[in-house]
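Undergrad: Contents of structure-v5.cif (mmCIF, C-alpha atoms) are given next:
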data_query
loop_
_atom_site.label_atom_id
_atom_site.label_comp_id
_atom_site.auth_asym_id
_atom_site.auth_seq_id
_atom_site.Cartn_x
_atom_site.Cartn_y
_atom_site.Cartn_z
CA PRO N 25 0.00 0.00 0.00
CA ALA N 26 0.97 3.68 -0.32
CA ARG N 27 3.64 4.68 2.24
CA GLY N 28 3.86 1.04 3.29
CA LYS N 29 7.02 -0.91 4.01
CA GLN N 30 7.95 -4.44 3.10
CA THR N 31 11.14 -6.38 3.78
CA VAL N 32 12.34 -8.30 0.74
CA PRO N 33 14.97 -10.90 1.63
CA PHE N 34 17.69 -11.65 -0.90
CA THR N 35 21.15 -13.19 -1.06
CA ILE N 36 24.20 -11.97 -2.96
CA SER N 37 26.46 -14.83 -3.98
CA VAL N 38 30.01 -14.12 -5.12
CA PRO N 39 31.51 -16.75 -7.43
CA ASN N 40 34.59 -18.57 -6.14
CA SER N 41 36.48 -17.34 -9.20
CA ALA N 42 36.01 -13.65 -8.26
CA SER N 43 39.31 -11.82 -7.85
CA PRO N 44 40.16 -10.02 -4.59
CA GLY N 45 38.97 -6.45 -4.19
CA GLU N 46 35.73 -4.72 -4.98
CA GLN N 47 33.14 -6.40 -7.17
CA ASN N 48 30.32 -4.13 -8.33
CA GLY N 49 26.72 -4.90 -9.01
CA CYS N 50 23.37 -3.20 -9.13
CA ILE N 51 19.92 -3.84 -7.70
CA VAL N 52 17.09 -2.27 -9.67
CA LEU N 53 13.62 -1.78 -8.18
CA GLN N 54 10.44 -1.05 -10.11
CA GLU N 55 7.04 -0.46 -8.67
CA LYS N 56 4.55 -3.10 -9.78
CA LYS N 57 1.95 -1.13 -11.72
CA GLU N 58 0.85 -0.41 -15.24
CA ALA N 59 2.96 1.96 -17.33
CA THR N 60 1.88 5.61 -17.36
CA PHE N 61 1.34 7.01 -20.85
CA GLN N 62 2.30 10.61 -21.59
CA GLY N 63 2.30 11.86 -25.14
CA GLY N 64 2.14 8.29 -26.48
CA ILE N 65 5.18 7.16 -24.48
CA GLY N 66 4.86 4.50 -21.78
CA LEU N 67 6.73 5.42 -18.58
CA ASN N 68 7.88 3.12 -15.79
CA PHE N 69 10.04 4.45 -12.99
CA ARG N 70 12.94 2.50 -11.55
CA THR N 71 15.36 3.06 -8.71
CA ALA N 72 18.85 1.58 -8.83
CA LEU N 73 21.17 0.85 -5.93
CA ARG N 74 24.88 0.22 -6.38
CA VAL N 75 26.13 -2.87 -4.57
CA ALA N 76 29.83 -3.22 -3.85
CA VAL N 77 31.11 -6.45 -2.34
CA LEU N 78 34.69 -6.56 -1.06
CA VAL N 79 36.20 -9.98 -1.79
CA PRO N 80 38.93 -10.77 0.77
CA GLY N 81 42.53 -10.49 -0.38
CA GLU N 82 45.11 -7.80 -1.08
CA VAL N 83 43.57 -4.34 -1.58
CA VAL N 84 45.31 -2.39 -4.35
CA LYS N 85 44.65 1.35 -4.65
CA GLN N 86 46.14 2.88 -7.77
CA LEU N 87 45.14 5.73 -10.08
CA ASP N 88 46.95 6.64 -13.28
CA ALA N 89 46.71 10.13 -14.76
CA LYS N 90 46.21 9.46 -18.48
CA SER N 91 45.26 12.57 -20.42
CA LEU N 92 44.28 16.22 -20.44
CA ASP N 93 42.10 17.59 -23.22
CA LEU N 94 41.56 21.34 -23.59
CA LYS N 95 39.00 23.35 -25.50
CA VAL N 96 38.39 27.10 -25.63
CA THR N 97 34.78 28.30 -25.78
CA ASN N 98 33.39 31.85 -25.77
CA ARG N 99 33.38 31.99 -21.96
CA HIS N 100 35.57 29.15 -20.72
CA VAL N 101 38.63 27.03 -21.12
CA VAL N 102 37.24 23.52 -20.70
CA ALA N 103 39.78 21.13 -19.19
CA ALA N 104 38.99 17.42 -19.32
CA PRO N 105 41.40 15.36 -17.20
CA GLY N 106 41.34 11.62 -17.83
CA VAL N 107 42.28 8.95 -15.28
CA LEU N 108 42.28 5.17 -15.05
CA ASN N 109 41.70 3.23 -11.84
CA THR N 110 44.14 0.32 -12.14
CA GLY N 111 43.52 -0.84 -8.58
CA ASN N 112 40.94 -3.33 -7.39
CA VAL N 113 38.70 -0.98 -5.36
CA SER N 114 36.85 2.25 -6.12
CA LEU N 115 38.39 5.48 -4.85
CA ASP N 116 36.98 8.81 -3.68
CA THR N 117 39.25 11.14 -5.62
CA ASP N 118 39.87 14.86 -5.16
CA VAL N 119 40.54 16.39 -8.57
CA GLN N 120 41.99 19.89 -8.88
CA VAL N 121 42.53 21.55 -12.25
CA PHE N 122 44.70 24.65 -12.77
CA LEU N 123 45.05 27.23 -15.52
CA LYS N 124 48.26 29.26 -15.19
CA SER N 125 49.72 32.14 -17.15
CA ALA N 126 53.03 31.84 -19.02
CA ILE N 127 54.80 33.31 -15.96
CA GLY N 128 53.20 30.77 -13.58
CA LEU N 129 50.40 32.83 -11.99
CA THR N 130 47.20 30.86 -11.38
CA VAL N 131 44.42 32.39 -13.48
CA ASP N 132 41.73 29.96 -12.32
CA SER N 133 41.40 26.59 -10.60
CA GLN N 134 38.52 24.24 -9.87
CA LYS N 135 38.29 21.37 -7.39
CA ASN N 136 35.78 18.60 -6.80
CA THR N 137 35.55 15.07 -5.39
CA PHE N 138 34.43 12.13 -7.52
CA PRO N 139 34.22 8.35 -7.10
CA VAL N 140 36.42 6.50 -9.60
CA LEU N 141 35.21 2.91 -10.03
CA ARG N 142 37.60 -0.01 -10.21
CA ASP N 143 39.00 -0.84 -13.69
CA GLN N 144 37.27 2.21 -15.18
CA PRO N 145 38.63 5.07 -17.25
CA THR N 146 37.02 8.33 -16.16
CA THR N 147 36.96 11.86 -17.60
CA TRP N 148 35.42 15.05 -16.20
CA ASN N 149 34.85 18.53 -17.66
CA PHE N 150 35.99 21.53 -15.64
CA GLU N 151 35.03 25.01 -16.86
CA LEU N 152 37.82 27.47 -16.10
CA ALA N 153 37.37 31.21 -16.63
CA ARG N 154 38.58 32.28 -20.06
CA PRO N 155 41.39 34.83 -19.65
CA PHE N 156 40.35 38.30 -20.87
CA TRP N 157 43.78 39.29 -22.23
CA GLY N 158 44.50 36.05 -24.03
CA GLY N 159 47.93 34.56 -24.61
CA TRP N 160 49.63 31.27 -23.79
CA TYR N 161 48.40 29.35 -20.73
CA LYS N 162 49.36 26.07 -19.11
CA ALA N 163 46.70 23.70 -17.79
CA SER N 164 47.42 20.88 -15.35
CA TYR N 165 45.70 18.76 -12.72
CA ASN N 166 46.32 16.85 -9.49
CA LEU N 167 44.56 13.77 -8.14
CA SER N 168 44.46 12.91 -4.43
CA TYR N 169 43.01 9.85 -2.74
CA ASN N 170 43.26 7.92 0.51
CA ALA N 171 45.70 5.08 -0.19
CA ALA N 172 45.22 3.38 3.21
CA PRO N 173 44.17 -0.23 2.50
CA ASP N 174 41.60 -0.26 5.34
CA SER N 175 39.62 2.77 4.10
CA TYR N 176 36.79 2.44 1.62
CA ILE N 177 34.73 4.60 -0.74
CA GLY N 178 32.29 6.93 0.98
CA ALA N 179 34.01 6.55 4.37
CA SER N 180 33.86 9.68 6.46
CA GLU N 181 36.82 8.89 8.69
CA GLN N 182 39.93 11.06 8.63
CA ALA N 183 42.22 10.22 5.71
CA LYS N 184 45.32 8.32 6.80
CA ASP N 185 47.54 8.00 3.76
CA ILE N 186 46.87 10.67 1.14
CA LYS N 187 48.52 9.98 -2.21
CA THR N 188 48.75 12.79 -4.76
CA ILE N 189 49.43 12.30 -8.46
CA THR N 190 50.24 15.09 -10.89
CA GLY N 191 48.62 14.71 -14.29
CA PRO N 192 50.03 15.80 -17.62
CA GLN N 193 50.38 19.49 -18.46
CA LYS N 194 49.35 21.14 -21.71
CA TRP N 195 49.84 24.57 -23.20
CA ILE N 196 46.99 26.32 -24.97
CA PHE N 197 46.70 29.62 -26.78
CA VAL N 198 43.65 31.69 -25.87
CA ALA N 199 42.71 34.54 -28.21
CA PRO N 200 42.11 37.85 -26.39
CA HIS N 201 38.58 39.05 -25.79
CA PRO N 202 37.56 41.50 -28.56
CA LEU N 203 37.42 44.36 -26.00
CA ALA N 204 41.01 43.61 -24.97
CA LEU N 205 42.17 44.29 -28.52
#
Go ahead and express the file in the form of C-alpha cells.
TA:
Amino acid sequence: PARGKQTVPFTISVPNSASPGEQNGCIVLQEKKEATFQGGIGLNFRTALRVAVLVPGEVVKQLDAKSLDLKVTNRHVVAAPGVLNTGNVSLDTDVQVFLKSAIGLTVDSQKNTFPVLRDQPTTWNFELARPFWGGWYKASYNLSYNAAPDSYIGASEQAKDIKTITGPQKWIFVAPHPLAL
C-alpha cells in the first residue's frame, strides 16, 4: 500500500572465481503497476542501488593520470582530465585543475571530489574562466586519494595516507577578448 514498508529478503552470492577487491553490481527496483502514458510514451520508474562487495585479499589502490584535453569556448577554457583506476577498489578522488599564465600565476582553478570505479577510465569537464587578455596558458591537474588499504569509498573517517598524483600538463593559446584588442 501507499507509504507502506515491506522487507524483501535476498542473497548476494560471489563466485569462487572472483578476484580479490571490490566487485560491483546493481539492484534495480520497479514499482509493480501499469505503465503511465504521456504523449504516447509508456513510462515506468525505476530506482537503482549500487552494490559493492569486497572480496577478501590484497587491496590495491592505484590511479593513473592518463590525459588532459583542452577546448576554448566563448566563456571558458574547458579542461577534461582523464584517469584510469588500475587498482581493485573504487576510490573517492579529489581532482583539482589549474590554468596558469606563461609566468606561472594561477588564473583559475577548480576542485571537486568524484568516485572512480575499479577498472574504469574516467573523464570530467571543468570550466575554467577564459582569460580576458589572451595569450599562452598552461593547464594541469592533481589527483588525491586515501591510499590506506583499510579505508573504503564513501568513508567519512579522517584520511590516513593521502597519495597525490600530478597529471600531464598542456599549453593552450587563448585569443584575447575583442574588447582587450
Undergrad: Mind checking which residues fall within 7 Å of range 108-123 of chain N, counting all atoms listed in the file, ignoring those fewer than 5 positions away in the same chain, and posting them as a compact mmCIF listing (two decimals) with C-alpha atoms, in the frame of the given file?
TA:
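After the write, selection_4.txt holds the following:
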# COMPACT_ATOMS: atom_id res chain seq x y z
CA GLY N 45 38.97 -6.45 -4.19
CA GLU N 46 35.73 -4.72 -4.98
CA VAL N 83 43.57 -4.34 -1.58
CA VAL N 84 45.31 -2.39 -4.35
CA LYS N 85 44.65 1.35 -4.65
CA GLN N 86 46.14 2.88 -7.77
CA LEU N 87 45.14 5.73 -10.08
CA ASP N 88 46.95 6.64 -13.28
CA ALA N 89 46.71 10.13 -14.76
CA LYS N 90 46.21 9.46 -18.48
CA THR N 130 47.20 30.86 -11.38
CA VAL N 131 44.42 32.39 -13.48
CA ASP N 132 41.73 29.96 -12.32
CA SER N 133 41.40 26.59 -10.60
CA GLN N 134 38.52 24.24 -9.87
CA LYS N 135 38.29 21.37 -7.39
CA ASN N 136 35.78 18.60 -6.80
CA THR N 137 35.55 15.07 -5.39
CA PHE N 138 34.43 12.13 -7.52
CA PRO N 139 34.22 8.35 -7.10
CA VAL N 140 36.42 6.50 -9.60
CA LEU N 141 35.21 2.91 -10.03
CA ARG N 142 37.60 -0.01 -10.21
CA ASP N 143 39.00 -0.84 -13.69
CA GLN N 144 37.27 2.21 -15.18
CA PRO N 145 38.63 5.07 -17.25
CA THR N 146 37.02 8.33 -16.16
CA TYR N 161 48.40 29.35 -20.73
CA LYS N 162 49.36 26.07 -19.11
CA ALA N 163 46.70 23.70 -17.79
CA SER N 164 47.42 20.88 -15.35
CA TYR N 165 45.70 18.76 -12.72
CA ASN N 166 46.32 16.85 -9.49
CA LEU N 167 44.56 13.77 -8.14
CA SER N 168 44.46 12.91 -4.43
CA TYR N 169 43.01 9.85 -2.74
CA ILE N 177 34.73 4.60 -0.74
CA GLY N 178 32.29 6.93 0.98
Undergrad: Smallest atom-to-atom distance to Ser37 in chain N: which of N:Val79, N:Gly128, N:Gln54, N:Arg154, using only C-alpha atoms?
TA: N:Val79
Undergrad: At what distance in Å, to one decimal, does CA of Leu94 in chain N lie from CA of Thr188 in chain N?
TA: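 Between these atoms lies a distance of 21.9 Å.
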Undergrad: Can you measure CA of Phe156 in chain N to CA of Gly106 in chain N for me? One decimal in Å is fine.
TA: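 A separation of 26.9 Å between them.
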Undergrad: Between N:Gln193, N:Trp148, N:Ser91, N:Glu82, which is the closest to Asp174 in chain N once you count only C-alpha atoms?
TA: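 The closest residue to Asp174 in chain N is N:Glu82.
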Undergrad: Taking the file as shown, find all residues satisfying the PyMOL selection byres ((chain N and resi 56) around 12) and write them as a list in words.
TA: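 Output from the PyMOL selection byres ((chain N and resi 56) around 12), applied to this file: Pro25, Leu53, Gln54, Glu55, Lys57, Glu58, Ala59, Thr60, Asn68, Phe69 and Arg70 of chain N.
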Undergrad: Those residues with C-alpha atoms, as a CSV table (one decimal), in the coordinates of the input please?
TA:
chain,number,residue,atom,x,y,z
N,25,PRO,CA,0.0,0.0,0.0
N,53,LEU,CA,13.6,-1.8,-8.2
N,54,GLN,CA,10.4,-1.0,-10.1
N,55,GLU,CA,7.0,-0.5,-8.7
N,57,LYS,CA,2.0,-1.1,-11.7
N,58,GLU,CA,0.8,-0.4,-15.2
N,59,ALA,CA,3.0,2.0,-17.3
N,60,THR,CA,1.9,5.6,-17.4
N,68,ASN,CA,7.9,3.1,-15.8
N,69,PHE,CA,10.0,4.4,-13.0
N,70,ARG,CA,12.9,2.5,-11.6
Undergrad: Distance CA of Gly28 in chain N-CA of Ala72 in chain N, one decimal place?
TA: 19.3 Å
Undergrad: If you apply the PyMOL selection byres ((chain N and resi 102) around 10) to this file, what residues do you get, as a PyMOL selection string?
TA: chain N and resi 93-97+99-101+103-105+148-154+163
Undergrad: Just want the 9 Å neighbourhood of Val77 in chain N, counted on only C-alpha atoms, with same-chain residues fewer than 3 positions away dropped. Output as JSON, numbers by chain.
TA: {"N": [36, 38, 45, 46, 47, 48, 49]}
Undergrad: Just C-alpha atoms for this one: save the residues we selected as a short mmCIF file (atom, residue, chain, number, x, y, z; two decimals), in the coordinates of the input.
TA:
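Contents of the output file part-v3.cif:
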data_model
loop_
_atom_site.label_atom_id
_atom_site.label_comp_id
_atom_site.auth_asym_id
_atom_site.auth_seq_id
_atom_site.Cartn_x
_atom_site.Cartn_y
_atom_site.Cartn_z
CA ILE N 36 24.20 -11.97 -2.96
CA VAL N 38 30.01 -14.12 -5.12
CA GLY N 45 38.97 -6.45 -4.19
CA GLU N 46 35.73 -4.72 -4.98
CA GLN N 47 33.14 -6.40 -7.17
CA ASN N 48 30.32 -4.13 -8.33
CA GLY N 49 26.72 -4.90 -9.01
#
Undergrad: With distances taken over all atoms listed in the file, which residue among N:Leu92, N:Ala171, N:Val198, N:Val52 lies nearest Leu73 in chain N?
TA: N:Val52
